[in-house]
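Structure file entry23.cif (mmCIF, C-alpha atoms) is printed below.
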data_target
loop_
_atom_site.label_atom_id
_atom_site.label_comp_id
_atom_site.auth_asym_id
_atom_site.auth_seq_id
_atom_site.Cartn_x
_atom_site.Cartn_y
_atom_site.Cartn_z
CA MET A 1 61.91 113.69 125.75
CA ALA A 2 65.41 112.45 124.97
CA GLY A 3 66.78 113.54 128.34
CA ASP A 4 64.39 111.38 130.36
CA LEU A 5 66.56 108.76 132.03
CA ALA A 6 63.61 107.20 133.86
CA ASP A 7 61.90 106.29 130.57
CA PHE A 8 65.17 104.87 129.24
CA ASN A 9 65.74 102.79 132.38
CA ALA A 10 62.17 101.47 132.26
CA ALA A 11 62.55 100.47 128.61
CA VAL A 12 65.87 98.76 129.32
CA GLU A 13 64.34 96.92 132.27
CA SER A 14 61.52 95.68 130.04
CA ALA A 15 64.09 94.07 127.74
CA ALA A 16 66.32 92.95 130.62
CA ALA A 17 63.43 91.09 132.27
CA HIS A 18 63.04 88.89 129.17
CA ASN A 19 66.81 88.43 129.09
CA ARG A 20 66.92 87.21 132.70
CA VAL A 21 64.03 84.83 132.16
CA ALA A 22 65.61 83.42 128.99
CA ILE A 23 68.90 82.84 130.83
CA GLY A 24 66.98 81.06 133.59
CA TYR A 25 65.26 78.78 131.11
CA LEU A 26 68.58 78.02 129.43
CA ARG A 27 70.09 77.19 132.82
CA THR A 28 67.33 74.65 133.47
CA GLY A 29 67.43 73.25 129.92
CA ASN A 30 63.99 74.47 128.83
CA ILE A 31 64.98 75.43 125.29
CA ASP A 32 61.43 76.03 124.01
CA LEU A 33 60.58 78.58 126.69
CA ALA A 34 64.04 80.14 126.37
CA SER A 35 63.43 80.59 122.66
CA LEU A 36 60.08 82.23 123.36
CA GLU A 37 61.70 84.66 125.82
CA ILE A 38 64.46 85.46 123.35
CA ASP A 39 61.76 86.34 120.81
CA ARG A 40 60.14 88.62 123.39
CA LEU A 41 63.54 90.09 124.22
CA ARG A 42 64.21 90.80 120.54
CA GLU A 43 60.86 92.60 120.25
CA SER A 44 61.50 94.64 123.39
CA TRP A 45 65.07 95.41 122.26
CA GLY A 46 63.70 96.60 118.92
CA GLN A 47 61.32 98.99 120.66
CA LEU A 48 64.14 100.24 122.89
CA THR A 49 66.40 100.76 119.89
CA GLN A 50 63.73 102.54 117.89
CA ARG A 51 62.98 104.90 120.74
CA PHE A 52 66.45 105.65 122.12
CA ALA A 53 69.19 104.78 119.59
CA GLY A 54 68.97 108.24 118.06
CA LYS A 55 67.76 110.06 121.17
CA ARG A 56 70.42 109.80 123.86
CA PRO A 57 69.24 110.64 127.39
CA ASP A 58 71.28 113.51 128.82
CA ALA A 59 72.87 111.22 131.41
CA PHE A 60 74.78 109.45 128.61
CA ASP A 61 76.31 112.57 127.08
CA GLY A 62 79.96 111.89 126.38
CA ASN A 63 79.63 108.13 126.93
CA PRO A 64 81.13 106.39 123.87
CA LEU A 65 79.46 103.10 124.80
CA TYR A 66 76.03 104.55 124.08
CA ALA A 67 76.59 104.68 120.32
CA THR A 68 77.73 101.06 120.14
CA ILE A 69 75.26 99.40 122.53
CA TRP A 70 72.60 99.19 119.83
CA THR A 71 74.62 97.24 117.27
CA VAL A 72 76.47 95.18 119.86
CA GLY A 73 73.21 94.36 121.63
CA SER A 74 71.57 93.29 118.39
CA ALA A 75 74.62 91.15 117.58
CA HIS A 76 74.29 89.41 120.96
CA LEU A 77 70.66 88.60 120.18
CA VAL A 78 71.54 87.20 116.74
CA GLY A 79 74.31 85.17 118.34
CA ALA A 80 71.95 83.81 121.00
CA ASP A 81 69.47 82.75 118.30
CA LEU A 82 72.14 81.05 116.19
CA MET A 83 73.60 79.22 119.16
CA LEU A 84 70.20 78.06 120.34
CA LYS A 85 69.29 76.77 116.87
CA THR A 86 72.54 74.78 116.70
CA GLY A 87 71.95 73.19 120.09
CA ARG A 88 74.51 75.25 122.02
CA ALA A 89 72.41 76.49 124.93
CA ASP A 90 75.53 77.36 126.93
CA ALA A 91 76.79 79.66 124.16
CA ALA A 92 73.31 81.20 123.81
CA ALA A 93 73.33 81.96 127.53
CA GLY A 94 76.80 83.44 127.10
CA ALA A 95 75.51 85.83 124.44
CA LEU A 96 72.62 86.89 126.67
CA ASN A 97 74.96 87.37 129.63
CA ALA A 98 77.21 89.49 127.41
CA LEU A 99 74.24 91.77 126.70
CA ARG A 100 73.68 92.14 130.46
CA SER A 101 77.34 92.97 130.95
CA ASP A 102 77.32 95.56 128.18
CA LEU A 103 74.28 97.32 129.64
CA TYR A 104 75.96 97.27 133.06
CA ALA A 105 79.13 98.79 131.58
CA LEU A 106 77.09 101.46 129.77
CA ARG A 107 75.37 102.56 132.97
CA LYS A 108 78.52 102.34 135.06
CA ALA A 109 80.45 104.54 132.60
CA SER A 110 77.80 107.23 133.09
CA GLY A 111 77.55 106.85 136.87
CA ILE A 112 74.05 105.38 136.71
CA VAL A 113 73.05 102.63 139.15
CA VAL A 114 69.82 100.66 138.96
CA LEU A 115 68.60 97.79 141.09
CA ALA A 116 69.81 95.20 138.55
CA ASP A 117 73.35 96.56 138.96
CA CYS A 118 73.15 96.27 142.74
CA VAL A 119 71.98 92.68 142.41
CA ARG A 120 74.83 91.93 140.00
CA ASP A 121 77.38 93.47 142.37
CA ALA A 122 75.90 91.64 145.35
CA ASN A 123 76.01 88.32 143.47
CA ALA A 124 79.66 88.88 142.57
CA ALA A 125 80.45 89.70 146.19
CA ALA A 126 78.59 86.62 147.38
CA ASP A 127 80.49 84.44 144.91
CA ALA A 128 83.77 85.83 146.21
CA LEU A 129 82.68 85.13 149.78
CA MET A 130 81.72 81.52 149.05
CA VAL A 131 85.33 80.50 149.59
CA TYR A 132 84.48 81.03 153.26
CA ASP A 133 81.50 78.64 153.18
CA ASP A 134 82.42 76.88 156.39
CA ALA A 135 80.30 76.83 159.54
CA ALA A 136 83.42 76.50 161.70
CA LEU A 137 85.03 79.81 160.73
CA ASP A 138 86.72 81.68 163.54
CA TRP A 139 85.98 85.35 162.89
CA SER A 140 88.45 86.45 165.55
CA LYS A 141 91.33 85.37 163.30
CA PRO A 142 92.50 87.98 160.78
CA GLU A 143 93.03 85.35 158.08
CA THR A 144 89.34 84.47 158.31
CA ARG A 145 87.83 87.94 158.21
CA PHE A 146 90.35 89.36 155.76
CA CYS A 147 89.32 88.60 152.19
CA TYR A 148 92.44 88.26 150.06
CA CYS A 149 90.34 87.70 146.96
CA ARG A 150 89.21 91.36 147.05
CA GLN A 151 92.52 93.22 147.44
CA GLY A 152 92.61 92.56 151.18
CA ILE A 153 89.46 94.14 152.51
CA ASP A 154 87.84 93.40 155.81
CA LEU A 155 84.70 91.40 155.02
CA ARG A 156 82.67 93.27 157.64
CA LEU A 157 83.60 96.61 156.06
CA PHE A 158 82.93 95.22 152.60
CA ALA A 159 79.43 94.08 153.56
CA GLY A 160 78.67 97.48 155.07
CA ALA A 161 79.87 99.30 151.95
CA LEU A 162 77.73 97.05 149.75
CA ARG A 163 74.66 97.78 151.90
CA ARG A 164 75.27 101.54 151.63
CA HIS A 165 75.82 101.36 147.85
CA CYS A 166 72.61 99.46 147.18
CA LYS A 167 70.10 101.22 149.43
#
This entry written out as structure tokens:
Amino acid sequence: MAGDLADFNAAVESAAAHNRVAIGYLRTGNIDLASLEIDRLRESWGQLTQRFAGKRPDAFDGNPLYATIWTVGSAHLVGADLMLKTGRADAAAGALNALRSDLYALRKASGIVVLADCVRDANAAADALMVYDDAALDWSKPETRFCYCRQGIDLRLFAGALRRHCK
């Protein structure tokens, strides 16, 4: 059924798993295994496209990103292949990360949150907090617990909000 969001999310996760693994292999310089995962990703993306490109789940009604994700996603895969074949592993990883970002934006525009989105948000929050990577921080000082990199939010409140968002 076209309105079944759970089936759509499961199919996207199948493709996304290969994407994450390929990015990991590219990060460690294992080009052969990255290429194999990109092939698996392309196959999984093809199945996803065949099943859902013309059958929008109800949750995406009115979302203009849904119509473009299929061609944009395929373009990212072609780009990753071309970059890998020309020895530009960093650019291949960039194309795969762009696919992740586009899927994130698609879900976010429809108010859909999956575990992968929570992990992405948590990683971004952790990166922002790394400026405070100092064992000698004095949490009683406002300048320590007040994170200016996130529009001035109290880090304790921020951590609590993140926990509630990603239950």
As a PyMOL selection string, please: the residues near Ile112 in chain A (cut-off 10 Å, all atoms listed in the file, same-chain neighbours under 3 positions excluded). chain A and resi 5+9+59-60+104-109+117
Residue nearest Gly29 in chain A - candidates A:Gly94, A:Leu84, A:Ala11, A:Ala67, atoms counted: only C-alpha atoms: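 Ranked by minimum distance to Gly29 in chain A, first place goes to A:Leu84.
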What's the separation between CA of Leu41 in chain A and CA of Asp81 in chain A, in Å to one decimal place?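 A separation of 11.1 Å between them.
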Evaluate the PyMOL selection byres ((chain A and resi 7) around 12) against this structure - the residues, as number ranges by chain, please. A: 1-6, 8-14, 48, 51-52, 55-58
To test your reading of the syntax: which residues would the PyMOL selection byres ((chain A and resi 45) around 9) return for the file shown? Reply as an NGL selection string. :A and (11-12 or 14-16 or 40-44 or 46-50 or 70 or 73-74)
A:Ile69, A:Ala22, A:Val119, A:Ile31 ranked by distance to Arg88 in chain A, top pick (using only C-alpha atoms):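 Checking each candidate against Arg88 in chain A, we get A:Ile31 as the closest.
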Between CA of Ile38 in chain A and CA of Leu77 in chain A lies a distance of 7.6 Å
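Here CA of Asn123 in chain A is placed at a distance of 15.2 Å from CA of Gly24 in chain A.
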Of the candidates A:Ala53, A:Ala93, A:Val72, A:Met83, which shows the shortest atom-to-atom distance to Asn19 in chain A, using all atoms listed in the file?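 Checking each of A:Ala53, A:Ala93, A:Val72, A:Met83 against Asn19 in chain A, counting all atoms listed in the file, the winner is A:Ala93.
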Between A:Ala89, A:Ala17, A:Leu103, A:Met130, which one has atoms that come closest to Asp32 in chain A, using only C-alpha atoms? A:Ala89
Selected residue of minimal separation from His18 in chain A among A:Leu96, A:Thr68, A:Val78, A:Thr86, counting only C-alpha atoms: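 Of A:Leu96, A:Thr68, A:Val78, A:Thr86, the one nearest His18 in chain A, counting only C-alpha atoms, is A:Leu96.
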